[in-house]
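Visitor: Okay, here's the structure, questions in a sec.
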Amino acid sequence: MDEYKLTLRRLAVRDDHYIDALLSEEHANLTLAGIDARSHALARVAALIAMDAAPPSYMSAVQAGLNAGVSHEEIVGTLIAVLPVVGAARVVAAAPNLALALGYDVAEELELHNR
């Protein structure tokens with residue numbers, strides 16, 4: 001059986017042992033995902049945007065991306081990439097959270113420009 005089919009089957013039947021292995025540690029998840037560290041980090045950022053995650057959740061995903069060589073522009077580009085799928089409301093809500101994780105405070109900047 002092809003590996004991707006086995007993975008899909010394990011997830012579809014909720015193979016708890018397999019899921020626990022995926023969740024056990026970051027390195028294991030990256031290895032078992034079968035994608036490079038850059039793609040892994042961007043996928044996580046996209047998931048955070050899609051689920052309307054809390055601001056602190058972005059910190060580790062963004063840091064993992066930066067550590068893997070993802071540029072600030074590519075991380076922000078993830079907002080654009082998911083826009084047609086998740087909608088404008090999610091992207092607008094995520095933008096300041098992602099900005100903070102990148103060290104840029106959009107609210108502060110807007111306040112300075114409105115004075």
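Letters A, B, ... go to the chains of the structure tokens in the order shown; residues in each chain start at 1; ligands are counted from 1 in the same order.
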At a cut-off of 12 Å, using only C-alpha atoms, what residues contact Gly103 in chain A? Leave out same-chain residues fewer than 6 positions from it and give the result as a list of chain:residue names.
Guide: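 The residues that qualify are A:Tyr58, A:Met59, A:Val62, A:Gln63, A:His72, A:Pro96, A:Asn97, A:Glu109.
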Visitor: Keeping only all heavy atoms, write those residues as an mmCIF file, in the first residue's frame.
Guide:
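And here's out04.cif as it stands now:
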data_model
loop_
_atom_site.group_PDB
_atom_site.id
_atom_site.type_symbol
_atom_site.label_atom_id
_atom_site.label_comp_id
_atom_site.auth_asym_id
_atom_site.auth_seq_id
_atom_site.Cartn_x
_atom_site.Cartn_y
_atom_site.Cartn_z
ATOM 1 N N TYR A 58 0.528 32.342 16.966
ATOM 2 C CA TYR A 58 1.310 32.648 15.774
ATOM 3 C C TYR A 58 2.817 32.674 16.036
ATOM 4 O O TYR A 58 3.610 32.466 15.124
ATOM 5 C CB TYR A 58 0.884 34.005 15.194
ATOM 6 C CG TYR A 58 -0.462 33.971 14.532
ATOM 7 C CD1 TYR A 58 -1.624 34.163 15.267
ATOM 8 C CD2 TYR A 58 -0.574 33.748 13.166
ATOM 9 C CE1 TYR A 58 -2.867 34.138 14.659
ATOM 10 C CE2 TYR A 58 -1.812 33.719 12.553
ATOM 11 C CZ TYR A 58 -2.954 33.910 13.308
ATOM 12 O OH TYR A 58 -4.174 33.873 12.700
ATOM 13 N N MET A 59 3.199 32.948 17.264
ATOM 14 C CA MET A 59 4.626 33.130 17.578
ATOM 15 C C MET A 59 5.474 31.928 17.181
ATOM 16 O O MET A 59 6.484 32.080 16.492
ATOM 17 C CB MET A 59 4.809 33.448 19.056
ATOM 18 C CG MET A 59 4.137 34.742 19.507
ATOM 19 S SD MET A 59 4.673 36.215 18.618
ATOM 20 C CE MET A 59 6.307 36.396 19.263
ATOM 21 N N VAL A 62 5.465 31.251 13.276
ATOM 22 C CA VAL A 62 6.268 32.256 12.561
ATOM 23 C C VAL A 62 7.753 32.030 12.831
ATOM 24 O O VAL A 62 8.572 32.064 11.911
ATOM 25 C CB VAL A 62 5.827 33.682 12.943
ATOM 26 C CG1 VAL A 62 6.844 34.719 12.509
ATOM 27 C CG2 VAL A 62 4.461 33.991 12.341
ATOM 28 N N GLN A 63 8.093 31.765 14.076
ATOM 29 C CA GLN A 63 9.503 31.530 14.406
ATOM 30 C C GLN A 63 10.039 30.297 13.684
ATOM 31 O O GLN A 63 11.156 30.305 13.172
ATOM 32 C CB GLN A 63 9.699 31.385 15.919
ATOM 33 C CG GLN A 63 11.158 31.418 16.326
ATOM 34 C CD GLN A 63 11.874 32.686 15.868
ATOM 35 O OE1 GLN A 63 11.452 33.789 16.171
ATOM 36 N NE2 GLN A 63 12.945 32.528 15.127
ATOM 37 N N HIS A 72 9.740 37.189 5.569
ATOM 38 C CA HIS A 72 8.567 37.887 6.080
ATOM 39 C C HIS A 72 7.497 37.988 4.990
ATOM 40 O O HIS A 72 6.310 37.824 5.251
ATOM 41 C CB HIS A 72 8.941 39.292 6.571
ATOM 42 C CG HIS A 72 9.708 39.314 7.844
ATOM 43 N ND1 HIS A 72 11.012 38.909 7.957
ATOM 44 C CD2 HIS A 72 9.331 39.690 9.086
ATOM 45 C CE1 HIS A 72 11.422 39.044 9.198
ATOM 46 N NE2 HIS A 72 10.415 39.516 9.911
ATOM 47 N N PRO A 96 -3.318 41.447 12.070
ATOM 48 C CA PRO A 96 -2.582 42.047 13.190
ATOM 49 C C PRO A 96 -1.879 41.011 14.064
ATOM 50 O O PRO A 96 -0.812 41.284 14.618
ATOM 51 C CB PRO A 96 -3.648 42.803 13.988
ATOM 52 C CG PRO A 96 -4.937 42.593 13.319
ATOM 53 C CD PRO A 96 -4.731 41.748 12.113
ATOM 54 N N ASN A 97 -2.463 39.822 14.183
ATOM 55 C CA ASN A 97 -1.824 38.761 14.972
ATOM 56 C C ASN A 97 -0.535 38.283 14.310
ATOM 57 O O ASN A 97 0.479 38.078 14.971
ATOM 58 C CB ASN A 97 -2.782 37.583 15.157
ATOM 59 C CG ASN A 97 -4.034 37.965 15.894
ATOM 60 O OD1 ASN A 97 -4.041 38.897 16.677
ATOM 61 N ND2 ASN A 97 -5.108 37.252 15.633
ATOM 62 N N GLU A 109 1.064 51.414 14.820
ATOM 63 C CA GLU A 109 1.379 52.157 13.593
ATOM 64 C C GLU A 109 0.177 52.974 13.127
ATOM 65 O O GLU A 109 0.312 54.138 12.749
ATOM 66 C CB GLU A 109 1.814 51.181 12.498
ATOM 67 C CG GLU A 109 2.285 51.838 11.228
ATOM 68 C CD GLU A 109 3.680 52.431 11.348
ATOM 69 O OE1 GLU A 109 4.433 52.055 12.253
ATOM 70 O OE2 GLU A 109 4.003 53.285 10.509
#
Visitor: For range 78-89 of chain A, list every protein, DNA or RNA residue within 12 Å, evaluated using only C-alpha atoms, and leave out those in the same chain fewer than 6 positions away; present the list as a PyMOL selection string.
Guide: chain A and resi 39+41-52+62+65+70-72+95-99
Visitor: Go through A:Asp16, A:Arg115, A:Arg90, A:Glu74 one by one, measure the shortest atom-to-atom distance of each to Leu102 in chain A using only C-alpha atoms, and give the residue with the smallest value.
Guide: A:Glu74
Visitor: Report, in Å with one decimal, the straight-line distance from CA of Tyr18 in chain A to CA of Ala53 in chain A.
Guide: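 Atom-to-atom, CA of Tyr18 in chain A to CA of Ala53 in chain A, that is 25.0 Å.
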Visitor: Please report the interatomic distance between CA of Leu30 in chain A and CA of Ala12 in chain A in Å with one decimal.
Guide: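 Interatomic distance here is 19.9 Å.
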Visitor: Interatomic distance between CA of Asp36 in chain A and CA of Asp105 in chain A?
Guide: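 Atom-to-atom, CA of Asp36 in chain A to CA of Asp105 in chain A, that is 29.5 Å.
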Visitor: Would you list, as a PyMOL selection string, the residues of chain A that end up in helix (DSSP H, G or I) under DSSP run on this structure's backbone?
Guide: chain A and resi 3-12+16-24+26-33+37-50+55-67+72-86+88-101+106-113
Visitor: When distances are computed from only C-alpha atoms, which of A:Ala64, A:Ala54, A:Gly69, A:Gly34 shows the smallest separation from Ala93 in chain A?
Guide: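 Of the candidates, the smallest distance to Ala93 in chain A is held by A:Ala54.
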